[in-house]
file run17.cif (mmCIF, C-alpha atoms)
data_entry
loop_
_atom_site.label_atom_id
_atom_site.label_comp_id
_atom_site.auth_asym_id
_atom_site.auth_seq_id
_atom_site.Cartn_x
_atom_site.Cartn_y
_atom_site.Cartn_z
CA MET Y 560 -31.52 -8.62 -5.04
CA LYS Y 561 -28.01 -7.70 -6.06
CA TYR Y 562 -25.48 -6.89 -3.36
CA LYS Y 563 -22.79 -4.47 -4.43
CA LEU Y 564 -19.53 -5.23 -2.74
CA ILE Y 565 -15.83 -4.83 -2.91
CA THR Y 566 -13.66 -7.73 -3.90
CA ILE Y 567 -12.70 -8.34 -0.34
CA PHE Y 568 -16.26 -9.30 0.54
CA LEU Y 569 -15.84 -12.77 -0.94
CA LEU Y 570 -12.17 -12.99 -0.14
CA SER Y 571 -12.75 -12.37 3.52
CA ALA Y 572 -15.20 -15.22 3.74
CA SER Y 573 -12.40 -17.56 2.83
CA LEU Y 574 -10.30 -16.40 5.72
CA SER Y 575 -12.75 -16.13 8.50
CA ALA Y 576 -12.62 -19.36 10.44
CA ASN Y 577 -9.57 -21.39 9.55
CA ALA Y 578 -7.99 -23.06 12.57
CA GLN Y 579 -4.99 -20.80 12.13
CA LEU Y 580 -7.12 -17.75 12.80
CA SER Y 581 -6.32 -16.78 16.38
CA GLY Y 582 -7.76 -13.36 17.07
CA ASP Y 583 -7.64 -10.07 15.23
CA GLY Y 584 -4.56 -9.66 13.08
CA TYR Y 585 -2.92 -9.88 9.68
CA TYR Y 586 -3.21 -13.03 7.56
CA ARG Y 587 -2.66 -14.46 4.09
CA LEU Y 588 -5.14 -16.74 2.35
CA GLN Y 589 -3.76 -19.87 0.64
CA ASN Y 590 -5.77 -22.48 -1.20
CA ALA Y 591 -5.43 -25.88 0.48
CA THR Y 592 -5.24 -27.77 -2.83
CA THR Y 593 -3.41 -25.50 -5.29
CA ALA Y 594 -1.18 -23.75 -2.69
CA ARG Y 595 -1.77 -20.46 -4.49
CA TYR Y 596 -2.15 -17.27 -2.46
CA VAL Y 597 -4.93 -14.75 -3.00
CA ARG Y 598 -3.91 -11.34 -4.27
CA ILE Y 599 -6.32 -8.39 -4.38
CA ILE Y 600 -5.93 -6.50 -7.65
CA ASP Y 601 -9.09 -4.38 -7.55
CA ASN Y 602 -11.74 -3.07 -5.16
CA ARG Y 603 -14.81 -3.82 -7.24
CA GLY Y 604 -17.14 -6.79 -7.42
CA SER Y 605 -20.73 -7.93 -7.00
CA ILE Y 606 -22.82 -10.96 -6.14
CA ASN Y 607 -26.40 -11.90 -6.92
CA ILE Y 608 -27.12 -15.03 -4.89
CA ALA Y 609 -30.49 -15.73 -6.47
CA SER Y 610 -29.34 -15.52 -10.10
CA THR Y 611 -25.88 -17.01 -9.42
CA ASP Y 612 -24.34 -13.88 -10.93
CA VAL Y 613 -20.95 -13.41 -9.26
CA ASP Y 614 -18.23 -10.99 -10.34
CA LEU Y 615 -14.87 -11.97 -8.83
CA GLY Y 616 -12.57 -10.46 -11.42
CA ALA Y 617 -10.63 -8.57 -8.78
CA LEU Y 618 -9.29 -11.69 -7.05
CA GLN Y 619 -6.17 -13.29 -8.46
CA THR Y 620 -4.21 -16.24 -7.07
CA VAL Y 621 -0.48 -16.76 -7.43
CA LEU Y 622 1.87 -19.63 -6.63
CA ASN Y 623 5.12 -19.56 -4.61
CA PHE Y 624 5.89 -17.46 -1.57
CA GLN Y 625 8.67 -15.53 -3.31
CA ASN Y 626 5.94 -14.03 -5.48
CA VAL Y 627 4.00 -12.69 -2.50
CA ASP Y 628 6.47 -12.06 0.34
CA TYR Y 629 6.78 -8.40 -0.72
CA ASP Y 630 3.19 -7.85 -1.90
CA PRO Y 631 0.84 -5.84 0.40
CA ALA Y 632 -2.07 -6.96 -1.79
CA THR Y 633 -1.76 -10.46 -0.28
CA VAL Y 634 -2.05 -9.28 3.34
CA MET Y 635 -5.42 -8.81 5.07
CA TYR Y 636 -6.40 -7.62 8.55
CA ILE Y 637 -9.17 -9.85 9.94
CA SER Y 638 -11.22 -8.79 12.96
CA LYS Y 639 -14.18 -10.46 14.62
CA LEU Y 640 -17.59 -8.80 14.41
CA ASN Y 641 -19.61 -11.39 16.37
CA SER Y 642 -19.71 -15.14 17.01
CA THR Y 643 -19.89 -16.05 13.32
CA ASP Y 644 -18.98 -12.99 11.26
CA TYR Y 645 -15.67 -11.30 10.53
CA ASN Y 646 -14.52 -8.05 8.96
CA ILE Y 647 -11.60 -7.56 6.57
CA ALA Y 648 -9.46 -4.45 6.02
CA THR Y 649 -6.88 -4.20 3.24
CA GLN Y 650 -5.75 -1.97 0.40
CA GLY Y 651 -7.22 1.05 2.15
CA ILE Y 652 -10.76 -0.32 2.39
CA SER Y 653 -12.90 -2.23 4.88
CA LEU Y 654 -15.63 -4.77 4.20
CA TYR Y 655 -17.91 -3.83 7.10
CA SER Y 656 -17.64 -0.07 6.64
CA MET Y 657 -18.78 -0.43 3.03
CA MET Y 658 -21.28 -3.29 3.30
CA GLY Y 659 -22.59 -3.13 6.84
CA PHE Y 660 -22.27 -6.90 7.39
CA GLY Y 661 -19.58 -9.54 7.74
CA ILE Y 662 -18.91 -12.97 6.26
CA LYS Y 663 -19.51 -16.59 7.28
CA PHE Y 664 -17.72 -19.95 6.98
CA ARG Y 665 -18.33 -23.68 7.08
CA ALA Y 666 -15.84 -26.25 8.35
CA THR Y 667 -14.95 -29.27 6.22
CA ASN Y 668 -14.06 -32.74 7.44
CA LYS Y 669 -10.42 -32.08 6.53
CA GLY Y 670 -9.89 -29.27 8.98
CA THR Y 671 -10.09 -26.64 6.27
CA TYR Y 672 -12.94 -24.24 5.56
CA GLY Y 673 -15.28 -23.39 2.74
CA ALA Y 674 -15.85 -19.71 2.22
CA TYR Y 675 -19.33 -18.45 1.52
CA GLN Y 676 -21.99 -15.81 1.74
CA GLU Y 677 -25.69 -16.57 1.68
CA LYS Y 678 -29.11 -15.05 1.21
CA ALA Y 679 -32.46 -16.72 1.80
CA GLY Y 680 -30.78 -20.08 2.37
CA MET Y 681 -28.72 -19.94 -0.83
CA ALA Y 682 -24.93 -19.85 -0.52
CA LYS Y 683 -22.03 -19.01 -2.82
CA TYR Y 684 -18.64 -20.67 -2.23
CA LEU Y 685 -15.23 -19.65 -3.55
CA ASN Y 686 -12.77 -21.84 -5.40
CA ASP Y 687 -9.37 -21.39 -7.05
CA THR Y 688 -9.19 -22.03 -10.80
CA PRO Y 689 -5.84 -22.00 -12.69
CA VAL Y 690 -5.18 -19.92 -15.76
CA ALA Y 691 -4.60 -22.54 -18.47
CA SER Y 692 -1.72 -20.70 -20.12
CA ALA Y 693 0.16 -19.80 -16.93
CA ASN Y 694 1.64 -23.20 -15.97
CA ASP Y 695 -0.41 -23.19 -12.76
CA ILE Y 696 1.46 -20.14 -11.46
CA TYR Y 697 -1.59 -17.89 -11.66
CA GLY Y 698 -5.25 -18.47 -11.11
CA TYR Y 699 -8.49 -16.68 -10.45
CA VAL Y 700 -11.37 -17.04 -8.03
CA LEU Y 701 -14.76 -18.38 -9.11
CA SER Y 702 -17.81 -19.53 -7.15
CA ASN Y 703 -19.57 -22.83 -6.44
CA SER Y 704 -17.15 -25.21 -8.15
CA SER Y 705 -16.72 -28.42 -6.17
CA GLN Y 706 -12.94 -28.35 -6.72
CA ASN Y 707 -10.28 -26.27 -4.96
CA ARG Y 708 -12.77 -24.62 -2.60
CA GLU Y 709 -10.97 -25.38 0.66
CA TRP Y 710 -8.85 -22.64 2.17
CA ASN Y 711 -6.28 -22.15 4.91
CA ILE Y 712 -5.06 -18.93 6.44
CA ILE Y 713 -1.59 -18.10 7.73
CA PRO Y 714 -0.81 -15.35 10.25
CA VAL Y 715 1.58 -12.68 8.99
CA SER Y 716 4.43 -11.79 11.34
CA ALA Y 717 7.85 -10.19 10.93
CA GLU Y 718 9.32 -12.95 13.11
CA SER Y 719 7.83 -15.84 11.13
CA ASP Y 720 8.37 -17.37 7.71
CA ASN Y 721 5.13 -15.71 6.60
CA TYR Y 722 6.43 -12.14 6.77
CA LEU Y 723 5.84 -9.05 4.65
CA GLY Y 724 8.98 -7.41 3.34
CA VAL Y 725 9.95 -4.69 0.91
CA LYS Y 726 11.41 -5.53 -2.51
CA PRO Y 727 13.58 -2.68 -3.82
CA GLN Y 728 13.11 -1.30 -7.32
CA VAL Y 729 16.30 0.76 -7.62
CA CYS Y 730 19.91 0.09 -6.57
CA ILE Y 731 22.43 2.96 -6.53
CA ASP Y 732 25.92 2.73 -5.02
CA GLY Y 733 25.04 -0.37 -3.04
CA LYS Y 734 21.88 1.15 -1.56
CA TYR Y 735 18.39 -0.14 -2.34
CA TYR Y 736 15.21 1.90 -2.68
CA CYS Y 737 11.50 1.26 -3.13
CA ALA Y 738 8.54 3.54 -3.85
CA TYR Y 739 5.94 2.16 -1.42
CA TYR Y 740 2.23 2.58 -0.72
CA SER Y 741 0.10 0.34 1.51
CA GLY Y 742 -3.15 0.55 3.43
CA PHE Y 743 -1.81 -0.31 6.88
CA PRO Y 744 0.44 1.46 9.39
CA PHE Y 745 3.83 -0.10 10.03
CA ILE Y 746 7.27 0.26 11.52
CA PHE Y 747 10.52 -1.24 10.31
CA ALA Y 748 11.32 -4.64 11.80
CA SER Y 749 14.70 -4.94 10.03
CA ASP Y 750 17.70 -2.73 10.72
CA GLY Y 751 19.02 -0.27 8.17
CA MET Y 752 15.65 0.84 6.79
CA LYS Y 753 14.51 4.43 6.42
CA ALA Y 754 11.45 6.21 5.00
CA PHE Y 755 11.34 9.54 3.17
CA TYR Y 756 8.67 11.76 1.67
CA VAL Y 757 8.82 14.83 -0.58
CA THR Y 758 8.15 18.27 0.90
CA HIS Y 759 9.06 20.54 -1.99
CA VAL Y 760 9.63 20.36 -5.74
CA ASP Y 761 11.96 22.86 -7.38
CA THR Y 762 11.05 22.59 -11.05
CA GLN Y 763 13.55 25.29 -12.05
CA TYR Y 764 16.59 23.34 -10.85
CA GLY Y 765 15.15 19.83 -11.03
CA ILE Y 766 15.22 19.03 -7.32
CA CYS Y 767 12.79 17.28 -4.99
CA VAL Y 768 13.39 18.02 -1.32
CA THR Y 769 12.91 15.05 1.00
CA GLU Y 770 12.31 14.66 4.71
CA GLU Y 771 12.94 11.49 6.69
CA LEU Y 772 9.86 10.04 8.38
CA SER Y 773 10.80 8.20 11.55
CA GLY Y 774 8.72 6.00 13.84
CA THR Y 775 5.37 4.72 12.68
CA ILE Y 776 4.50 5.14 9.00
CA PRO Y 777 0.77 6.00 8.96
CA ALA Y 778 -1.61 3.95 6.83
CA SER Y 779 -1.98 5.08 3.21
CA THR Y 780 1.16 7.22 3.32
CA PRO Y 781 3.27 7.13 0.15
CA VAL Y 782 6.98 6.97 1.00
CA ILE Y 783 10.36 6.13 -0.45
CA ILE Y 784 11.94 3.32 1.58
CA GLU Y 785 15.68 2.78 1.81
CA CYS Y 786 16.39 -0.92 2.31
CA GLN Y 787 19.40 -2.84 3.50
CA SER Y 788 19.17 -5.64 0.93
CA GLU Y 789 17.78 -6.58 -2.46
CA TYR Y 790 15.74 -9.35 -0.82
CA ALA Y 791 12.38 -8.79 0.85
CA LYS Y 792 13.27 -11.23 3.63
CA ASP Y 793 15.94 -8.78 4.81
CA ASN Y 794 13.61 -5.76 4.72
CA ARG Y 795 10.74 -6.82 6.96
CA LEU Y 796 7.87 -4.70 8.19
CA GLU Y 797 6.04 -4.95 11.51
CA LEU Y 798 2.39 -4.31 10.71
CA LEU Y 799 0.29 -2.34 13.19
CA ALA Y 800 -3.44 -2.62 13.64
CA PRO Y 801 -5.66 -0.33 11.55
CA GLY Y 802 -6.50 2.81 13.47
CA THR Y 803 -3.18 2.90 15.32
CA ALA Y 804 -2.91 6.45 16.66
CA VAL Y 805 -0.24 8.38 14.77
CA PRO Y 806 -0.23 11.96 13.47
CA PRO Y 807 -0.78 12.25 9.71
CA VAL Y 808 2.07 13.41 7.52
CA SER Y 809 1.56 17.00 6.40
CA GLY Y 810 2.92 18.44 3.19
CA ASN Y 811 3.71 15.10 1.51
CA LEU Y 812 3.76 15.68 -2.26
CA LEU Y 813 3.89 11.98 -3.15
CA ALA Y 814 0.78 10.15 -4.37
CA GLY Y 815 0.08 6.42 -4.24
CA ALA Y 816 -1.66 3.75 -6.30
CA TYR Y 817 -3.31 0.68 -4.73
CA PHE Y 818 -4.19 -1.13 -7.94
CA GLN Y 819 -3.00 -1.76 -11.48
CA ASN Y 820 -5.74 -3.90 -12.96
CA ASN Y 821 -5.61 -3.69 -16.74
CA SER Y 822 -8.52 -5.98 -17.63
CA ASN Y 823 -11.33 -4.52 -19.71
CA LYS Y 824 -14.05 -5.46 -17.23
CA HIS Y 825 -12.16 -4.49 -14.08
CA ARG Y 826 -9.88 -1.75 -15.32
CA ASN Y 827 -8.72 0.05 -12.20
CA ARG Y 828 -5.38 1.78 -12.34
CA VAL Y 829 -3.57 5.12 -12.25
CA ASP Y 830 -2.64 5.96 -15.83
CA TYR Y 831 0.82 7.39 -16.28
CA ASP Y 832 1.07 10.92 -17.68
CA SER Y 833 4.61 11.62 -18.88
CA LYS Y 834 3.93 15.37 -18.83
CA THR Y 835 3.12 15.62 -15.12
CA MET Y 836 4.24 12.39 -13.41
CA ARG Y 837 7.65 11.02 -12.43
CA VAL Y 838 8.60 7.68 -10.91
CA LEU Y 839 11.47 6.55 -8.71
CA GLY Y 840 14.67 5.89 -10.64
CA GLN Y 841 18.28 6.76 -11.34
CA THR Y 842 19.05 10.08 -13.00
CA ASP Y 843 21.53 10.59 -15.81
CA ASN Y 844 24.00 11.73 -13.18
CA GLY Y 845 23.73 8.36 -11.47
CA VAL Y 846 21.92 9.57 -8.36
CA LEU Y 847 18.52 8.78 -6.87
CA GLY Y 848 15.59 10.82 -8.07
CA PHE Y 849 12.27 10.88 -9.88
CA VAL Y 850 12.53 10.32 -13.62
CA LYS Y 851 10.39 10.27 -16.73
CA ASP Y 852 9.61 6.80 -18.10
CA SER Y 853 8.37 7.04 -21.69
CA LYS Y 854 7.54 3.32 -21.81
CA LEU Y 855 5.33 3.31 -18.73
CA THR Y 856 1.55 3.19 -19.17
CA ALA Y 857 0.35 2.92 -15.55
CA ILE Y 858 1.71 3.27 -12.04
CA ALA Y 859 2.54 -0.10 -10.49
CA ALA Y 860 0.24 -1.29 -7.70
CA ASN Y 861 1.26 -0.40 -4.16
CA THR Y 862 3.85 2.13 -5.30
CA CYS Y 863 4.02 5.90 -5.22
CA TYR Y 864 4.91 8.63 -7.68
CA LEU Y 865 5.48 12.36 -7.91
CA LYS Y 866 3.07 14.61 -9.77
CA ALA Y 867 3.73 18.27 -10.50
CA ASP Y 868 3.05 20.87 -13.17
CA ASN Y 869 5.92 21.92 -15.43
CA VAL Y 870 7.96 19.06 -14.03
CA PRO Y 871 11.35 18.42 -15.70
CA ALA Y 872 12.30 14.99 -17.02
CA GLN Y 873 14.43 14.30 -13.94
CA LEU Y 874 14.45 15.50 -10.34
CA VAL Y 875 17.35 14.82 -7.99
CA PHE Y 876 16.75 13.83 -4.37
CA MET Y 877 18.08 16.26 -1.75
CA ASN Y 878 17.37 16.68 1.92
CA GLN Y 879 16.67 20.17 3.25
CA ASP Y 880 20.28 20.88 4.26
CA GLU Y 881 21.57 19.77 0.87
CA TYR Y 882 19.00 21.90 -0.87
CA ASP Y 883 19.84 24.96 1.21
CA GLU Y 884 23.53 24.48 0.43
CA PHE Y 885 22.76 24.10 -3.26
CA LEU Y 886 20.85 27.39 -3.32
CA ILE Y 887 23.68 29.14 -1.53
CA GLU Y 888 26.25 27.82 -4.00
CA ALA Y 889 23.98 28.75 -6.90
CA GLY Y 890 23.77 32.31 -5.57
CA VAL Y 891 20.00 32.07 -5.11
CA ARG Y 892 20.11 32.37 -1.34
CA THR Y 893 22.55 33.65 1.24
CA ALA Y 894 23.58 31.57 4.22
CA ALA Y 895 21.61 33.90 6.50
CA GLU Y 896 18.32 33.28 4.71
CA LYS Y 897 15.92 30.60 5.80
CA GLN Y 898 13.39 28.66 3.78
CA VAL Y 899 9.85 29.88 4.38
CA VAL Y 900 7.29 27.07 4.37
CA PRO Y 901 3.62 26.71 5.35
CA VAL Y 902 2.63 25.79 8.91
CA TYR Y 903 0.13 22.97 9.52
CA SER Y 904 -2.05 22.03 12.47
CA ILE Y 905 -1.42 18.65 14.12
CA THR Y 906 -4.37 17.29 12.11
CA GLY Y 907 -2.75 18.31 8.83
CA LYS Y 908 -4.77 21.46 8.08
CA ALA Y 909 -2.77 24.26 6.42
CA LEU Y 910 -2.84 27.47 8.49
CA ASP Y 911 -2.66 31.06 7.33
CA ILE Y 912 0.81 31.34 8.86
CA MET Y 913 4.28 30.76 7.40
CA SER Y 914 7.36 29.47 9.16
CA ASP Y 915 8.78 33.00 9.51
CA GLU Y 916 5.70 34.00 11.55
CA LEU Y 917 5.84 31.38 14.32
CA ASP Y 918 5.56 34.04 17.02
CA ARG Y 919 1.92 34.48 15.99
CA LEU Y 920 1.00 30.92 16.96
CA PRO Y 921 -1.06 30.27 20.11
CA GLN Y 922 -0.23 27.38 22.44
CA GLY Y 923 -0.47 24.03 20.71
CA ILE Y 924 1.29 21.47 18.56
CA TYR Y 925 2.02 22.20 14.90
CA ILE Y 926 3.87 20.75 11.93
CA VAL Y 927 6.60 22.95 10.44
CA ASN Y 928 8.67 21.67 7.52
CA GLY Y 929 7.56 18.12 8.27
CA LYS Y 930 8.56 18.29 11.95
CA LYS Y 931 6.59 18.71 15.17
CA TYR Y 932 6.69 22.24 16.60
CA ILE Y 933 5.34 22.91 20.11
CA VAL Y 934 4.25 26.30 21.40
CA ARG Y 935 4.00 26.28 25.22
#

call {"tool": "encode", "arguments": {"input": "run17.cif", "output": "structure tokens"}}
result
Amino acid sequence: MKYKLITIFLLSASLSANAQLSGDGYYRLQNATTARYVRIIDNRGSINIASTDVDLGALQTVLNFQNVDYDPATVMYISKLNSTDYNIATQGISLYSMMGFGIKFRATNKGTYGAYQEKAGMAKYLNDTPVASANDIYGYVLSNSSQNREWNIIPVSAESDNYLGVKPQVCIDGKYYCAYYSGFPFIFASDGMKAFYVTHVDTQYGICVTEELSGTIPASTPVIIECQSEYAKDNRLELLAPGTAVPPVSGNLLAGAYFQNNSNKHRNRVDYDSKTMRVLGQTDNGVLGFVKDSKLTAIAANTCYLKADNVPAQLVFMNQDEYDEFLIEAGVRTAAEKQVVPVYSITGKALDIMSDELDRLPQGIYIVNGKKYIVR
């Protein structure tokens, strides 16, 4: 019988019982022999225990911490299901919610663990195999080899050397920015970091209106992050447990991509459309914005982008006050006029009420122009 499963099914087995696993939390998986870390580049895979047919094309391994310290695809949330089984959540998906069962492990005499899943007494183990042409920097995960099949896990913490940070993609006037998308909620652990999302796109004037998002960034929320440094170690995140209670962000026009897997067998990516999509960059005027990239073929994994119809080649970032001032100076709006925007419920549902009709709202909590609005 063939068991359909996401990539994380086999990955999570590797992590489940290492001595470093101390309760539910975030971890990285590192091979005990090769020292390469596991990176999840897809959410597809399968295993047929009886026929030894295993598809692990979505698991990649990579050497050196500087190649993973900024990569959400190397971070996994492990939680205990029972005395022997564990669940994994990462990249917006969960093993148990999709498969209905957990994973198992077997200790070695070296204090490490073999990772496996079994059916009818037959087990499949994972091992790390290098890519011959990559100078041992990259590898891939296979099953049942007797080599490189021992794994360790390392807790992820903003206060430790095994942190997750943000690596900027754009630097303008000494400020650093990153288009970011991850499957876990977080707050900023380092000072000088801010998050923004897009609330409105003015295609006529080439402007995207942004709103700062403070406090907890909900899971699977695409944002633009302003960083204090070009190095991920200076832009650390404090990861919060999946399911952390936080209101969703309403009216966010950004979209995110978890994966950019270009292989023929496991192709899983967001193809770039230069007619409708723009990515974070520097405009011709030297300011931050979303720009057209004619050389791009797919959106990078764990990043976000802007998609809109009739979108110009470049859109300048402005906050709401800057945008209002621009419209006044352009003669489009008078200072006495206010922007009229949709009103959302606290759960993110658009209501049949606009922001100039707030007196119609019953008691409750609403979202107006990206901010909480309370009617008592």

call {"tool": "atom_distance", "arguments": {"input": "run17.cif", "atom1": "CA of Asn844 in chain Y", "atom2": "CA of Ile783 in chain Y"}}
result
19.5 Å

call {"tool": "resolve_selection", "arguments": {"input": "run17.cif", "expression": "the PyMOL selection byres ((chain Y and resi 767-773) around 9)", "output": "JSON, numbers by chain"}}
result
{"Y": [746, 753, 754, 755, 756, 757, 758, 759, 760, 761, 762, 765, 766, 774, 775, 776, 782, 808, 848, 849, 874, 875, 876, 877, 878, 879, 881, 882, 928, 929, 930]}

call {"tool": "resolve_selection", "arguments": {"input": "run17.cif", "expression": "the PyMOL selection byres ((chain Y and resi 693-702) around 6)", "output": "list in words"}}
result
Leu618, Gln619, Thr620, Val621, Leu622, Tyr684, Leu685, Asn686, Asp687, Thr688, Pro689, Val690, Ala691, Ser692, Asn703 and Ser704 of chain Y

call {"tool": "closest_residue", "arguments": {"input": "run17.cif", "among": "Y:Tyr629, Y:Tyr831, Y:Tyr817, Y:Tyr932", "to": "Tyr740 in chain Y", "atoms": "only C-alpha atoms"}}
result
Y:Tyr817

call {"tool": "residues_around", "arguments": {"input": "run17.cif", "residues": "Asn869 in chain Y", "least_positions_apart": "2", "cutoff": "8 Å", "atoms": "only C-alpha atoms", "output": "MDAnalysis selection string"}}
result
chainID Y and resid 762 834:835 867 871

call {"tool": "write_last_selection", "arguments": {"input": "run17.cif", "atoms": "C-alpha atoms", "output": "PDB file, keeping the file's coordinate frame"}}
result
ATOM      1  CA  THR Y 762      11.050  22.590 -11.050  1.00  0.00           C
ATOM      2  CA  LYS Y 834       3.930  15.370 -18.830  1.00  0.00           C
ATOM      3  CA  THR Y 835       3.120  15.620 -15.120  1.00  0.00           C
ATOM      4  CA  ALA Y 867       3.730  18.270 -10.500  1.00  0.00           C
ATOM      5  CA  PRO Y 871      11.350  18.420 -15.700  1.00  0.00           C
TER       6      PRO Y 871
END

call {"tool": "residues_around", "arguments": {"input": "run17.cif", "residues": "Gly815 in chain Y", "least_positions_apart": "4", "cutoff": "9 Å", "atoms": "all atoms listed in the file", "output": "PyMOL selection string"}}
result
chain Y and resi 738-741+779-782+829+858+860-865

call {"tool": "closest_residue", "arguments": {"input": "run17.cif", "among": "Y:Gly584, Y:Gly742, Y:Gly907, Y:Gly845", "to": "Gln650 in chain Y", "atoms": "all atoms listed in the file"}}
result
Y:Gly742

call {"tool": "residues_around", "arguments": {"input": "run17.cif", "residues": "Asp918 in chain Y", "least_positions_apart": "5", "cutoff": "12 Å", "atoms": "only C-alpha atoms", "output": "list of chain:residue names"}}
result
Y:Val902, Y:Ile912, Y:Met913, Y:Tyr932, Y:Ile933, Y:Val934, Y:Arg935

call {"tool": "atom_distance", "arguments": {"input": "run17.cif", "atom1": "CA of Ser705 in chain Y", "atom2": "CA of Ala666 in chain Y"}}
result
14.7 Å

call {"tool": "residues_around", "arguments": {"input": "run17.cif", "residues": "Ala859 in chain Y", "least_positions_apart": "5", "cutoff": "8 Å", "atoms": "all atoms listed in the file", "output": "list in words"}}
result
Ala816, Phe818 and Gln819 of chain Y

call {"tool": "residues_near_point", "arguments": {"input": "run17.cif", "point": "(-1.5, -21.4, -3.3)", "cutoff": "9 Å", "atoms": "all atoms listed in the file", "output": "list in words"}}
result
Leu588, Gln589, Asn590, Ala591, Thr592, Thr593, Ala594, Arg595, Tyr596, Val597, Thr620, Val621, Leu622, Asn623, Phe624, Asp687 and Ile696 of chain Y

call {"tool": "atom_distance", "arguments": {"input": "run17.cif", "atom1": "CA of Phe664 in chain Y", "atom2": "CA of Tyr585 in chain Y"}}
result
18.1 Å

call {"tool": "closest_residue", "arguments": {"input": "run17.cif", "among": "Y:Tyr735, Y:Gln706, Y:Ala791, Y:Ile712", "to": "Gln841 in chain Y", "atoms": "all atoms listed in the file"}}
result
Y:Tyr735

call {"tool": "closest_residue", "arguments": {"input": "run17.cif", "among": "Y:Ile887, Y:Val627, Y:Ile926, Y:Val634", "to": "Ser716 in chain Y", "atoms": "all atoms listed in the file"}}
result
Y:Val634

call {"tool": "axis_aligned_box", "arguments": {"input": "run17.cif", "around": "range 583-597 of chain Y", "padding_each_side": "5 Å", "output": "AutoDock Vina command-line options"}}
result
--center_x -4.4 --center_y -18.7 --center_z 5.0 --size_x 16.5 --size_y 28.1 --size_z 30.5

call {"tool": "closest_residue", "arguments": {"input": "run17.cif", "among": "Y:Thr803, Y:Asn721, Y:Gln763, Y:Gln728", "to": "Phe745 in chain Y", "atoms": "all atoms listed in the file"}}
result
Y:Thr803

call {"tool": "resolve_selection", "arguments": {"input": "run17.cif", "expression": "the PyMOL selection byres ((chain Y and resi 840) around 9)", "output": "number ranges by chain"}}
result
Y: 728-730, 736, 837-839, 841-842, 846-851

call {"tool": "closest_residue", "arguments": {"input": "run17.cif", "among": "Y:Tyr586, Y:Phe885, Y:Tyr925, Y:Tyr903", "to": "Pro714 in chain Y", "atoms": "only C-alpha atoms"}}
result
Y:Tyr586

call {"tool": "decode", "arguments": {"input": "run17.cif", "residues": "range 806-815 of chain Y", "atoms": "N, CA, C and O atoms", "output": "PDB file, in the first residue's frame"}}
result
ATOM      1  N   PRO Y 806      -5.037  38.320  15.850  1.00  0.00           N
ATOM      2  CA  PRO Y 806      -5.987  38.617  14.768  1.00  0.00           C
ATOM      3  C   PRO Y 806      -5.315  38.575  13.410  1.00  0.00           C
ATOM      4  O   PRO Y 806      -4.164  38.987  13.261  1.00  0.00           O
ATOM      5  N   PRO Y 807      -5.992  38.048  12.400  1.00  0.00           N
ATOM      6  CA  PRO Y 807      -5.417  38.035  11.048  1.00  0.00           C
ATOM      7  C   PRO Y 807      -5.312  39.447  10.500  1.00  0.00           C
ATOM      8  O   PRO Y 807      -5.991  40.367  10.958  1.00  0.00           O
ATOM      9  N   VAL Y 808      -4.461  39.621   9.522  1.00  0.00           N
ATOM     10  CA  VAL Y 808      -4.275  40.918   8.889  1.00  0.00           C
ATOM     11  C   VAL Y 808      -5.269  41.044   7.737  1.00  0.00           C
ATOM     12  O   VAL Y 808      -5.260  40.237   6.810  1.00  0.00           O
ATOM     13  N   SER Y 809      -6.119  42.046   7.801  1.00  0.00           N
ATOM     14  CA  SER Y 809      -7.123  42.244   6.762  1.00  0.00           C
ATOM     15  C   SER Y 809      -6.616  43.226   5.713  1.00  0.00           C
ATOM     16  O   SER Y 809      -5.904  44.178   6.027  1.00  0.00           O
ATOM     17  N   GLY Y 810      -6.989  42.990   4.473  1.00  0.00           N
ATOM     18  CA  GLY Y 810      -6.675  43.929   3.415  1.00  0.00           C
ATOM     19  C   GLY Y 810      -5.236  43.929   2.959  1.00  0.00           C
ATOM     20  O   GLY Y 810      -4.784  44.886   2.318  1.00  0.00           O
ATOM     21  N   ASN Y 811      -4.482  42.857   3.249  1.00  0.00           N
ATOM     22  CA  ASN Y 811      -3.085  42.772   2.817  1.00  0.00           C
ATOM     23  C   ASN Y 811      -3.045  42.324   1.358  1.00  0.00           C
ATOM     24  O   ASN Y 811      -3.499  41.234   1.013  1.00  0.00           O
ATOM     25  N   LEU Y 812      -2.478  43.146   0.482  1.00  0.00           N
ATOM     26  CA  LEU Y 812      -2.449  42.852  -0.935  1.00  0.00           C
ATOM     27  C   LEU Y 812      -1.207  42.083  -1.364  1.00  0.00           C
ATOM     28  O   LEU Y 812      -1.057  41.758  -2.544  1.00  0.00           O
ATOM     29  N   LEU Y 813      -0.320  41.780  -0.427  1.00  0.00           N
ATOM     30  CA  LEU Y 813       0.863  40.994  -0.745  1.00  0.00           C
ATOM     31  C   LEU Y 813       0.514  39.514  -0.796  1.00  0.00           C
ATOM     32  O   LEU Y 813      -0.401  39.053  -0.111  1.00  0.00           O
ATOM     33  N   ALA Y 814       1.251  38.769  -1.596  1.00  0.00           N
ATOM     34  CA  ALA Y 814       1.112  37.314  -1.681  1.00  0.00           C
ATOM     35  C   ALA Y 814       2.470  36.686  -1.426  1.00  0.00           C
ATOM     36  O   ALA Y 814       3.517  37.304  -1.670  1.00  0.00           O
ATOM     37  N   GLY Y 815       2.471  35.448  -0.928  1.00  0.00           N
ATOM     38  CA  GLY Y 815       3.734  34.802  -0.573  1.00  0.00           C
ATOM     39  C   GLY Y 815       3.956  33.496  -1.310  1.00  0.00           C
ATOM     40  O   GLY Y 815       3.015  32.890  -1.838  1.00  0.00           O
TER      41      GLY Y 815
END
